[in-house]
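Peer 1: The following block contains the structure, expressed as structure tokens.
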Amino acid sequence: MGNLKQPRKRIEDLRSQRWFAASDIRAFSHRQRTQQMGMRREEFMGRPVIGIINTWSEMSPCHAHLRDRAEAAKRGVWQAGGYPVELPALSVGEVMVKPSTMLYRNFLAMETEELLRSHPIDGAVLLGGCDKSTPGLLMGAISMGLPAIFCPAGPMSNGQWHGVKAGAGTHTKKYWEELRLGRISEDQWIDLEGRMTRSAGTCNTMGTASTMTSIADAMGITITGASSIPAVDSGHARMVSFAGSRIVEMIWEDLKPTDILTRSAIMNGIAAYMALGGSTNAAIHLIAIAGRAGVELTLDDMAQVSARIPVLANLFPSGDNLMEDFYFAGGMKALLARIGEHLDLSAITVEGRTLGEAIAGAECWNDDVIRTPANPVIPIAKGRTLVLLRGNLAPDGAVMKTSAASPHLLRHEGAALVFDGPEDMRRRVDDPDLDVTADTILVLRGAGPVGAPGMPEWGNLQIPKKLQQKGVTDMVRISDGRMSGTHYGTCVLHVAPESAVGGPLALLKTGDRIRLDAEAGTLDMLVDAEELYRRRREWSPPERYSRSFAALYQAHVSQADKGCDFDFLAGTAPVPEPEIF
């Protein structure tokens, strides 16, 4: 049970006291400047200091309410006898940041770690939720090694348009296709944009945001059940306030992320991921998170769990409900109770109790929204949350979400139509003379961690308009990039090694035959070895950035199957505490 059986810490044991408690000129300066902000000496002296890492931004609508939530966290901290300080951090708001927030996930991880290290902080409340903010905050907090609680931003309120449930991302894609085919008007499209996203909060589908916050919940690094609470529900502010109080106790207990995020806890998170029908993006983030905690995790580990646990959450894009429905049905506690046989219920949570104790008595109030294993949304035989593919096109692996794919395409052979980046695809994909049929396999390369850079969500390739007009709604699509967790279709993603570092995808040519067999877990291009050898000799790597954060990223990022962490941030090597002179 973590460090709960260890002697409680004393105030003089806390790292913040190196800044405040000494009788030298430096400590005098620290106390003086804290009082400069209007704080009475009694309000911060002799108290643990809680850093509230806040990813609020006016460019991040998912986090628009986190300014208020920081105040709720402060209430809890004050009540428990701590001293709260709010520290702003990079927001990585998914919608506005280009080319991808994935480019900046490691930036947020590094910023979180260094904010905590360079200031007199004893423990942290982490406020985030939009896609990359969850793994970024967790990675940084794990590496810093201070007690921490993650507070999910929560999903936005249910959307509806013309009497039909509308989910952010999922229905954006759906209605965009309808607009392209003339099935809705431009005026309807404009009306839709003002109605589908009704409040602050993350996507209301089981996209990457709710996938990652739910995984964090199942791993025990949030207040149990916190990930399901809608962003604007009053219960959300109460949850954050409780987290503020609880983090003070965690400091006295010295309960750190590595005490919580054991292999058992991470496997609990993976089990929840599969039952939720979650985003393929989680496959990358979980490997990175586990690596920071010193837990070895592979795509094979996740694929093995996926083969045992069917999709039970009836949520878009695999089902037909939204996150608010999930919350009212019982939320994460109910889902975890339904997969209890697949969980290590002895795993400790930030609440200082076991996961089993935290979900004891949880009930489901809607068996259609949160299904039983006997009545899954999609039986394992018909589709899984994560399928791992390997072959001569993806020696280090590629992933599919077959639960959101077309069954008739899961075993398919066709000729490749290769696009070198999204601009090449945009220029050619709707050309009426494009040589393409429904059996063609669309391929986008140059979308990986190094190539893009940052591995954007370009993997849900646009189906050529001339095929859509003939009624084609899905095709096999392959990319070394990612796909939004809100999207659907027969998409092979995260091909590794990526094309930009010389992976086999770089050698593929339009017209080459590709064979996909999702059931067998294989992905191959049917090109003989001698021809591939000749192509490799002719291949040269694309140019890379010479400056900016992108240059740092390209020089140090690992491939998708290794979590896309930076080589100098990964692992558990200790970092010295800062000197104070």
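Chains: A, B, ... in order of the structure tokens. Residues: from 1 per chain. Ligands: from 1, in order shown.
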Please list as a PDB file with N, CA, C and O atoms, in the first residue's frame every residue within 10 Å of His171 (chain A), counting only C-alpha atoms and excluding residues in the same chain fewer than 6 positions away.
Peer 2:
ATOM      1  N   GLY A 159     -24.187  16.874 -26.556  1.00  0.00           N
ATOM      2  CA  GLY A 159     -24.612  17.677 -27.697  1.00  0.00           C
ATOM      3  C   GLY A 159     -25.769  17.016 -28.427  1.00  0.00           C
ATOM      4  O   GLY A 159     -25.958  15.798 -28.366  1.00  0.00           O
ATOM      5  N   TRP A 161     -28.275  17.697 -32.178  1.00  0.00           N
ATOM      6  CA  TRP A 161     -28.616  18.510 -33.354  1.00  0.00           C
ATOM      7  C   TRP A 161     -29.770  17.851 -34.094  1.00  0.00           C
ATOM      8  O   TRP A 161     -29.714  16.672 -34.427  1.00  0.00           O
ATOM      9  N   LYS A 165     -28.336  12.819 -31.027  1.00  0.00           N
ATOM     10  CA  LYS A 165     -27.135  13.030 -30.244  1.00  0.00           C
ATOM     11  C   LYS A 165     -25.967  13.352 -31.170  1.00  0.00           C
ATOM     12  O   LYS A 165     -25.771  12.699 -32.202  1.00  0.00           O
ATOM     13  N   GLU A 177     -18.653  14.822 -44.013  1.00  0.00           N
ATOM     14  CA  GLU A 177     -18.881  13.959 -45.175  1.00  0.00           C
ATOM     15  C   GLU A 177     -20.253  14.254 -45.791  1.00  0.00           C
ATOM     16  O   GLU A 177     -20.408  14.270 -47.020  1.00  0.00           O
ATOM     17  N   LEU A 192     -24.767  23.901 -37.155  1.00  0.00           N
ATOM     18  CA  LEU A 192     -24.217  22.795 -36.379  1.00  0.00           C
ATOM     19  C   LEU A 192     -23.035  23.236 -35.524  1.00  0.00           C
ATOM     20  O   LEU A 192     -22.910  22.841 -34.359  1.00  0.00           O
ATOM     21  N   MET A 196     -23.117  21.993 -31.342  1.00  0.00           N
ATOM     22  CA  MET A 196     -22.628  20.662 -30.990  1.00  0.00           C
ATOM     23  C   MET A 196     -21.773  20.661 -29.723  1.00  0.00           C
ATOM     24  O   MET A 196     -21.757  19.684 -28.964  1.00  0.00           O
ATOM     25  N   THR A 205     -17.267  12.330 -26.371  1.00  0.00           N
ATOM     26  CA  THR A 205     -17.213  10.954 -26.864  1.00  0.00           C
ATOM     27  C   THR A 205     -16.053  10.237 -26.169  1.00  0.00           C
ATOM     28  O   THR A 205     -15.293  10.852 -25.425  1.00  0.00           O
ATOM     29  N   PHE A 316     -19.876   6.670 -28.369  1.00  0.00           N
ATOM     30  CA  PHE A 316     -19.255   7.012 -29.638  1.00  0.00           C
ATOM     31  C   PHE A 316     -17.730   7.032 -29.461  1.00  0.00           C
ATOM     32  O   PHE A 316     -17.248   7.451 -28.409  1.00  0.00           O
ATOM     33  N   PRO A 317     -16.927   6.561 -30.455  1.00  0.00           N
ATOM     34  CA  PRO A 317     -17.359   6.170 -31.800  1.00  0.00           C
ATOM     35  C   PRO A 317     -17.725   4.699 -31.948  1.00  0.00           C
ATOM     36  O   PRO A 317     -18.225   4.306 -33.008  1.00  0.00           O
ATOM     37  N   THR A 486     -11.839  10.217 -31.513  1.00  0.00           N
ATOM     38  CA  THR A 486     -13.264  10.397 -31.793  1.00  0.00           C
ATOM     39  C   THR A 486     -13.656   9.827 -33.147  1.00  0.00           C
ATOM     40  O   THR A 486     -14.843   9.729 -33.455  1.00  0.00           O
ATOM     41  N   HIS A 487     -12.673   9.467 -33.979  1.00  0.00           N
ATOM     42  CA  HIS A 487     -12.950   9.033 -35.346  1.00  0.00           C
ATOM     43  C   HIS A 487     -13.084   7.511 -35.454  1.00  0.00           C
ATOM     44  O   HIS A 487     -12.863   6.781 -34.495  1.00  0.00           O
TER      45      HIS A 487
END
Peer 1: Can you list, as a PyMOL selection string, all residues belonging to region 234-447 of chain A that DSSP tags as alpha helix (DSSP H)?
Peer 2: chain A and resi 234-253+257-260+263-276+282-292+299-306+323-328+331-338+355-359+422-428
Peer 1: Show me, as a Markdown table, the residues of region 347-417 of chain A having an atom within 12 Å of region 463-473 of chain A, each with the closest atom pair and its distance in Å, using only C-alpha atoms.
Peer 2:
| residue | atom | partner | partner_atom | distance |
| --- | --- | --- | --- | --- |
| A:Ala405 | CA | A:Thr473 | CA | 11.0 |
| A:Ser406 | CA | A:Thr473 | CA | 9.4 |
| A:Leu409 | CA | A:Thr473 | CA | 11.6 |
| A:Leu417 | CA | A:Pro464 | CA | 11.2 |
Peer 1: Could you pull the residues within 8 Å of Ser279 (chain A), counting only C-alpha atoms, minus those fewer than 2 positions along the same chain, as JSON, numbers by chain?
Peer 2: {"A": [206, 207, 208, 211, 277, 281, 282, 385, 401, 484, 485, 486]}
Peer 1: Write out as a ChimeraX atom specification each polymer residue whose atoms come within 10 Å of region 255-268 of chain A, counting only C-alpha atoms; drop sequence neighbours fewer than 3 positions from it.
Peer 2: /A:1-4,6,123,138-139,141-149,215-221,247,249-252,271-273,286-287,289-290,292-297,301-302,305,336,339-340,342-352,355
